[in-house]
Amino acid sequence: MKEKIIKILHLYSHDMNIYGDRGNILVLQKRLERYGYKPEIIEYNPGDKFPIEADIIVGGGGQDSGQNKIQKDLLKIGPKLQKLADSGTPMLVICGLYQLFGKFFKTAEGEKIEGIDILDIETYGKPERLIGNIITNSEDFGYIIGYENHSGQTFLGKGVIPLGQVRLGAGNNMVEGTEGARYSNVIGTYLHGSLLPKNPKIADFLIEQAVIKKYGKFDKKQIDDSLTELARKSAIKRPR
Ligand code: GLN
């Protein structure tokens, strides 16, 4: 039988990859293998050729300086990413790239870093950093557990829905109690940790969307997530 390949595009793996964000790629890779697919990881950094095919797109967080470094290139590939997002390609962007998938990030120093506007969000840097363990609740994924560390506070427009409601921590901003944003199959979130090892339902969502888009259907096998469940139970009890 011909191997079914799923290509994971890792955006800006050099500059946007902090607090263990690479773990998201590893989880997708391992779960795809367990489901019987062949994952291929394509690392993309400024100046690289944008691949012809990408089935799942993942990007991590970064310092303001990292965001500045990749921004020009991101604006260049923005229309390609927009097209992929509109056609249902699953994407996961964390923190720094979450912000830049939005309209802009105005840093605490007043510098405006333009985003690519796939997500209808605006982010404003504040003097106080929002740091600590975070738990949110979402209809589709249940409790989402992670770690946040950002100065930017994000406000959602009408074109997106929140990923979850905050139970512990700050999330998008200090006033609304929402976390993350979704448009089409694009998920943006502040959660590092990394996110997917502790939240396999989100990993499976990305995988399922990618496989259905490419191969028409996804036969979901049962994966033993008992250790993950134990880790989730313990993580959920941690203080902020
Ligand atoms: N530099 C951005 C902020 O501080 C993003 C941080 C991050 O990716 N953790 O808001």
# chains A, B, ... in the order shown; residues from 1 in each chain; ligands from 1
>>> residues_near_ligand(ligand="ligand 1", cutoff="10 Å", atoms="only C-alpha atoms and all ligand atoms", output="MDAnalysis selection string")
chainID A and resid 16:19 21 60:68 93:100 105:108 123:131 147:154 189:192
>>> select_by_dssp(residues="region 36-98 of chain A", states="helix (DSSP H, G or I)", output="JSON, numbers by chain")
{"A": [64, 65, 66, 67, 68, 69, 70, 71, 72, 73, 74, 75, 76, 77, 78, 79, 80, 81, 82, 83, 84, 85, 86, 95, 96, 97, 98]}
>>> residues_around(residues="Ile56 (chain A)", least_positions_apart="5", cutoff="9 Å", atoms="only C-alpha atoms", output="ChimeraX atom specification")
/A:6-10,89-92,206-207,209-210
>>> write_last_selection(atoms="N, CA, C and O atoms", output="compact mmCIF listing (two decimals), in the first residue's frame")
# COMPACT_ATOMS: atom_id res chain seq x y z
N ILE A 6 1.78 13.14 5.21
CA ILE A 6 1.24 14.42 5.68
C ILE A 6 2.42 15.36 5.93
O ILE A 6 3.32 15.05 6.72
N LYS A 7 2.40 16.49 5.23
CA LYS A 7 3.52 17.43 5.34
C LYS A 7 3.22 18.51 6.39
O LYS A 7 2.22 19.22 6.29
N ILE A 8 4.11 18.57 7.36
CA ILE A 8 3.97 19.58 8.42
C ILE A 8 4.97 20.71 8.13
O ILE A 8 6.18 20.47 8.08
N LEU A 9 4.44 21.89 7.95
CA LEU A 9 5.32 23.04 7.72
C LEU A 9 5.57 23.74 9.05
O LEU A 9 4.64 24.21 9.71
N HIS A 10 6.83 23.75 9.47
CA HIS A 10 7.21 24.40 10.74
C HIS A 10 7.71 25.80 10.42
O HIS A 10 8.83 25.98 9.94
N THR A 89 -6.86 24.57 5.37
CA THR A 89 -5.63 23.94 5.89
C THR A 89 -5.54 24.18 7.39
O THR A 89 -5.64 25.33 7.83
N PRO A 90 -5.36 23.12 8.18
CA PRO A 90 -5.24 23.33 9.62
C PRO A 90 -3.92 23.99 10.00
O PRO A 90 -2.87 23.66 9.45
N MET A 91 -3.99 24.93 10.91
CA MET A 91 -2.80 25.66 11.35
C MET A 91 -2.88 25.86 12.86
O MET A 91 -3.97 26.04 13.41
N LEU A 92 -1.71 25.85 13.48
CA LEU A 92 -1.61 26.15 14.90
C LEU A 92 -0.51 27.19 15.09
O LEU A 92 0.64 26.93 14.73
N LEU A 206 -6.16 18.83 14.35
CA LEU A 206 -5.31 19.30 13.24
C LEU A 206 -5.05 18.14 12.27
O LEU A 206 -5.13 18.30 11.04
N ILE A 207 -4.76 16.97 12.84
CA ILE A 207 -4.46 15.79 12.01
C ILE A 207 -5.70 15.39 11.19
O ILE A 207 -5.62 15.17 9.98
N GLN A 209 -8.31 17.15 10.28
CA GLN A 209 -8.63 18.11 9.22
C GLN A 209 -7.67 17.95 8.04
O GLN A 209 -8.08 18.00 6.87
N ALA A 210 -6.39 17.74 8.36
CA ALA A 210 -5.39 17.62 7.29
C ALA A 210 -5.62 16.36 6.47
O ALA A 210 -5.57 16.38 5.23
>>> atom_distance(atom1="CA of Lys83 (chain A)", atom2="CA of Leu163 (chain A)")
21.5 Å
>>> closest_residue(among="A:Gly20, A:Gly157, A:Gly59, A:Pro79", to="Ile116 (chain A)", atoms="only C-alpha atoms")
A:Pro79
>>> atom_distance(atom1="CA of Tyr44 (chain A)", atom2="CA of Tyr12 (chain A)")
5.4 Å
>>> select_by_dssp(residues="region 7-202 of chain A", states="strand (DSSP E or B)", output="JSON, numbers by chain")
{"A": [7, 8, 9, 10, 11, 38, 39, 40, 41, 42, 43, 44, 56, 57, 58, 59, 91, 92, 93, 94, 104, 105, 106, 112, 113, 114, 121, 122, 123, 124, 125, 126, 127, 128, 129, 130, 131, 132, 133, 134, 135, 136, 137, 138, 142, 143, 144, 145, 146, 147, 148, 149, 150, 151, 152, 153, 154, 155, 156, 161, 164, 165, 166, 167, 168, 178, 179, 181, 182, 183, 186, 187, 188, 189, 192]}
>>> closest_residue(among="A:Gln222, A:Thr178, A:Asn24, A:Ser13", to="Ser194 (chain A)", atoms="only C-alpha atoms")
A:Asn24
>>> closest_residue(among="A:Glu33, A:Asn133, A:Glu40, A:Lys69", to="Ile5 (chain A)", atoms="only C-alpha atoms")
A:Glu40
>>> atom_distance(atom1="CA of Val58 (chain A)", atom2="CA of Asn172 (chain A)")
19.3 Å
>>> closest_residue(among="A:Glu109, A:Glu53, A:Asp86, A:Glu43", to="Tyr183 (chain A)", atoms="only C-alpha atoms")
A:Asp86
>>> residues_around(residues="Lys72 (chain A)", least_positions_apart="5", cutoff="10 Å", atoms="only C-alpha atoms", output="number ranges by chain")
A: 46-47, 67, 77-78, 113-115
>>> residues_around(residues="Ile52 (chain A)", least_positions_apart="2", cutoff="12 Å", atoms="only C-alpha atoms", output="mmCIF file with N, CA and C atoms, in the first residue's frame")
data_model
loop_
_atom_site.group_PDB
_atom_site.id
_atom_site.type_symbol
_atom_site.label_atom_id
_atom_site.label_comp_id
_atom_site.auth_asym_id
_atom_site.auth_seq_id
_atom_site.Cartn_x
_atom_site.Cartn_y
_atom_site.Cartn_z
ATOM 1 N N LYS A 7 2.399 16.491 5.229
ATOM 2 C CA LYS A 7 3.516 17.432 5.344
ATOM 3 C C LYS A 7 3.225 18.505 6.389
ATOM 4 N N LEU A 9 4.436 21.891 7.953
ATOM 5 C CA LEU A 9 5.315 23.036 7.720
ATOM 6 C C LEU A 9 5.571 23.736 9.047
ATOM 7 N N ILE A 42 8.791 20.034 7.276
ATOM 8 C CA ILE A 42 9.509 21.012 6.458
ATOM 9 C C ILE A 42 9.757 22.236 7.324
ATOM 10 N N LYS A 49 12.418 28.841 0.280
ATOM 11 C CA LYS A 49 11.373 28.724 -0.728
ATOM 12 C C LYS A 49 10.123 28.185 -0.041
ATOM 13 N N PHE A 50 8.998 28.824 -0.262
ATOM 14 C CA PHE A 50 7.763 28.342 0.362
ATOM 15 C C PHE A 50 7.337 27.052 -0.332
ATOM 16 N N ALA A 54 1.640 21.962 1.763
ATOM 17 C CA ALA A 54 1.746 21.944 3.223
ATOM 18 C C ALA A 54 0.386 21.518 3.755
ATOM 19 N N ASP A 55 0.377 20.456 4.551
ATOM 20 C CA ASP A 55 -0.911 19.913 5.019
ATOM 21 C C ASP A 55 -1.292 20.416 6.406
ATOM 22 N N LYS A 80 -0.033 33.648 0.635
ATOM 23 C CA LYS A 80 -0.056 32.188 0.453
ATOM 24 C C LYS A 80 -0.712 31.526 1.665
ATOM 25 N N LEU A 81 -0.338 32.005 2.849
ATOM 26 C CA LEU A 81 -0.916 31.439 4.071
ATOM 27 C C LEU A 81 -2.417 31.727 4.132
ATOM 28 N N LEU A 84 -4.260 29.300 1.969
ATOM 29 C CA LEU A 84 -4.306 27.977 2.610
ATOM 30 C C LEU A 84 -5.315 27.977 3.761
#
>>> closest_residue(among="A:Ile121, A:Ile236, A:Ile57, A:Val211", to="Ile135 (chain A)", atoms="only C-alpha atoms")
A:Ile236
>>> decode(residues="region 184-213 of chain A", atoms="N, CA, C and O atoms", output="short mmCIF file (atom, residue, chain, number, x, y, z; two decimals), in the first residue's frame")
data_model
loop_
_atom_site.label_atom_id
_atom_site.label_comp_id
_atom_site.auth_asym_id
_atom_site.auth_seq_id
_atom_site.Cartn_x
_atom_site.Cartn_y
_atom_site.Cartn_z
N SER A 184 -11.68 29.46 10.42
CA SER A 184 -11.57 28.28 9.56
C SER A 184 -10.92 27.17 10.39
O SER A 184 -11.36 26.91 11.52
N ASN A 185 -9.87 26.53 9.94
CA ASN A 185 -9.20 25.52 10.77
C ASN A 185 -7.90 26.07 11.38
O ASN A 185 -7.00 25.31 11.74
N VAL A 186 -7.82 27.39 11.49
CA VAL A 186 -6.65 28.02 12.08
C VAL A 186 -6.92 28.24 13.58
O VAL A 186 -7.95 28.80 13.96
N ILE A 187 -5.97 27.80 14.38
CA ILE A 187 -6.06 28.02 15.83
C ILE A 187 -4.87 28.88 16.26
O ILE A 187 -3.72 28.53 16.01
N GLY A 188 -5.16 30.00 16.89
CA GLY A 188 -4.11 30.82 17.50
C GLY A 188 -4.30 30.78 19.00
O GLY A 188 -5.43 30.80 19.49
N THR A 189 -3.20 30.69 19.74
CA THR A 189 -3.31 30.60 21.19
C THR A 189 -2.05 31.12 21.86
O THR A 189 -0.97 31.12 21.26
N TYR A 190 -2.19 31.55 23.12
CA TYR A 190 -1.02 31.97 23.89
C TYR A 190 -0.34 30.80 24.58
O TYR A 190 0.68 30.98 25.24
N LEU A 191 -0.89 29.60 24.47
CA LEU A 191 -0.40 28.52 25.31
C LEU A 191 0.86 27.82 24.78
O LEU A 191 0.85 27.14 23.75
N HIS A 192 1.92 28.00 25.55
CA HIS A 192 3.14 27.22 25.36
C HIS A 192 3.04 26.01 26.27
O HIS A 192 2.02 25.75 26.88
N GLY A 193 4.18 25.34 26.41
CA GLY A 193 4.16 24.34 27.45
C GLY A 193 4.93 23.04 27.23
O GLY A 193 5.48 22.57 28.18
N SER A 194 4.95 22.43 26.06
CA SER A 194 4.23 22.87 24.87
C SER A 194 2.75 22.45 24.92
O SER A 194 2.37 21.65 25.77
N LEU A 195 2.01 22.95 23.99
CA LEU A 195 0.55 22.78 24.03
C LEU A 195 0.09 21.35 23.73
O LEU A 195 -0.69 20.77 24.47
N LEU A 196 0.54 20.79 22.62
CA LEU A 196 -0.08 19.54 22.14
C LEU A 196 0.18 18.30 23.01
O LEU A 196 -0.70 17.46 23.11
N PRO A 197 1.36 18.16 23.66
CA PRO A 197 1.53 16.98 24.50
C PRO A 197 0.46 16.89 25.59
O PRO A 197 0.02 15.81 25.95
N LYS A 198 0.06 18.04 26.10
CA LYS A 198 -0.94 18.04 27.19
C LYS A 198 -2.37 18.11 26.66
O LYS A 198 -3.31 17.94 27.42
N ASN A 199 -2.51 18.40 25.37
CA ASN A 199 -3.85 18.60 24.81
C ASN A 199 -3.99 17.85 23.49
O ASN A 199 -4.12 18.46 22.42
N PRO A 200 -3.97 16.51 23.57
CA PRO A 200 -3.96 15.72 22.33
C PRO A 200 -5.21 15.88 21.47
O PRO A 200 -5.17 15.63 20.27
N LYS A 201 -6.30 16.35 22.09
CA LYS A 201 -7.52 16.55 21.28
C LYS A 201 -7.28 17.61 20.20
O LYS A 201 -7.84 17.54 19.11
N ILE A 202 -6.46 18.60 20.54
CA ILE A 202 -6.17 19.65 19.55
C ILE A 202 -5.27 19.07 18.46
O ILE A 202 -5.45 19.34 17.28
N ALA A 203 -4.30 18.22 18.88
CA ALA A 203 -3.44 17.57 17.89
C ALA A 203 -4.29 16.75 16.92
O ALA A 203 -4.11 16.82 15.70
N ASP A 204 -5.23 16.00 17.49
CA ASP A 204 -6.07 15.15 16.63
C ASP A 204 -6.98 15.95 15.72
O ASP A 204 -7.27 15.55 14.59
N PHE A 205 -7.41 17.11 16.19
CA PHE A 205 -8.22 17.99 15.34
C PHE A 205 -7.41 18.40 14.11
O PHE A 205 -7.88 18.32 12.97
N LEU A 206 -6.16 18.83 14.35
CA LEU A 206 -5.31 19.30 13.24
C LEU A 206 -5.05 18.14 12.27
O LEU A 206 -5.13 18.30 11.04
N ILE A 207 -4.76 16.97 12.84
CA ILE A 207 -4.46 15.79 12.01
C ILE A 207 -5.70 15.39 11.19
O ILE A 207 -5.62 15.17 9.98
N GLU A 208 -6.83 15.33 11.86
CA GLU A 208 -8.05 14.90 11.18
C GLU A 208 -8.41 15.84 10.02
O GLU A 208 -8.71 15.38 8.91
N GLN A 209 -8.31 17.15 10.28
CA GLN A 209 -8.63 18.11 9.22
C GLN A 209 -7.67 17.95 8.04
O GLN A 209 -8.08 18.00 6.87
N ALA A 210 -6.39 17.74 8.36
CA ALA A 210 -5.39 17.62 7.29
C ALA A 210 -5.62 16.36 6.47
O ALA A 210 -5.57 16.38 5.23
N VAL A 211 -5.90 15.26 7.16
CA VAL A 211 -6.07 13.98 6.46
C VAL A 211 -7.35 14.01 5.61
O VAL A 211 -7.34 13.58 4.46
N ILE A 212 -8.42 14.54 6.17
CA ILE A 212 -9.67 14.61 5.40
C ILE A 212 -9.48 15.48 4.16
O ILE A 212 -9.90 15.11 3.05
N LYS A 213 -8.79 16.59 4.33
CA LYS A 213 -8.59 17.51 3.20
C LYS A 213 -7.77 16.82 2.11
O LYS A 213 -8.04 16.97 0.92
#
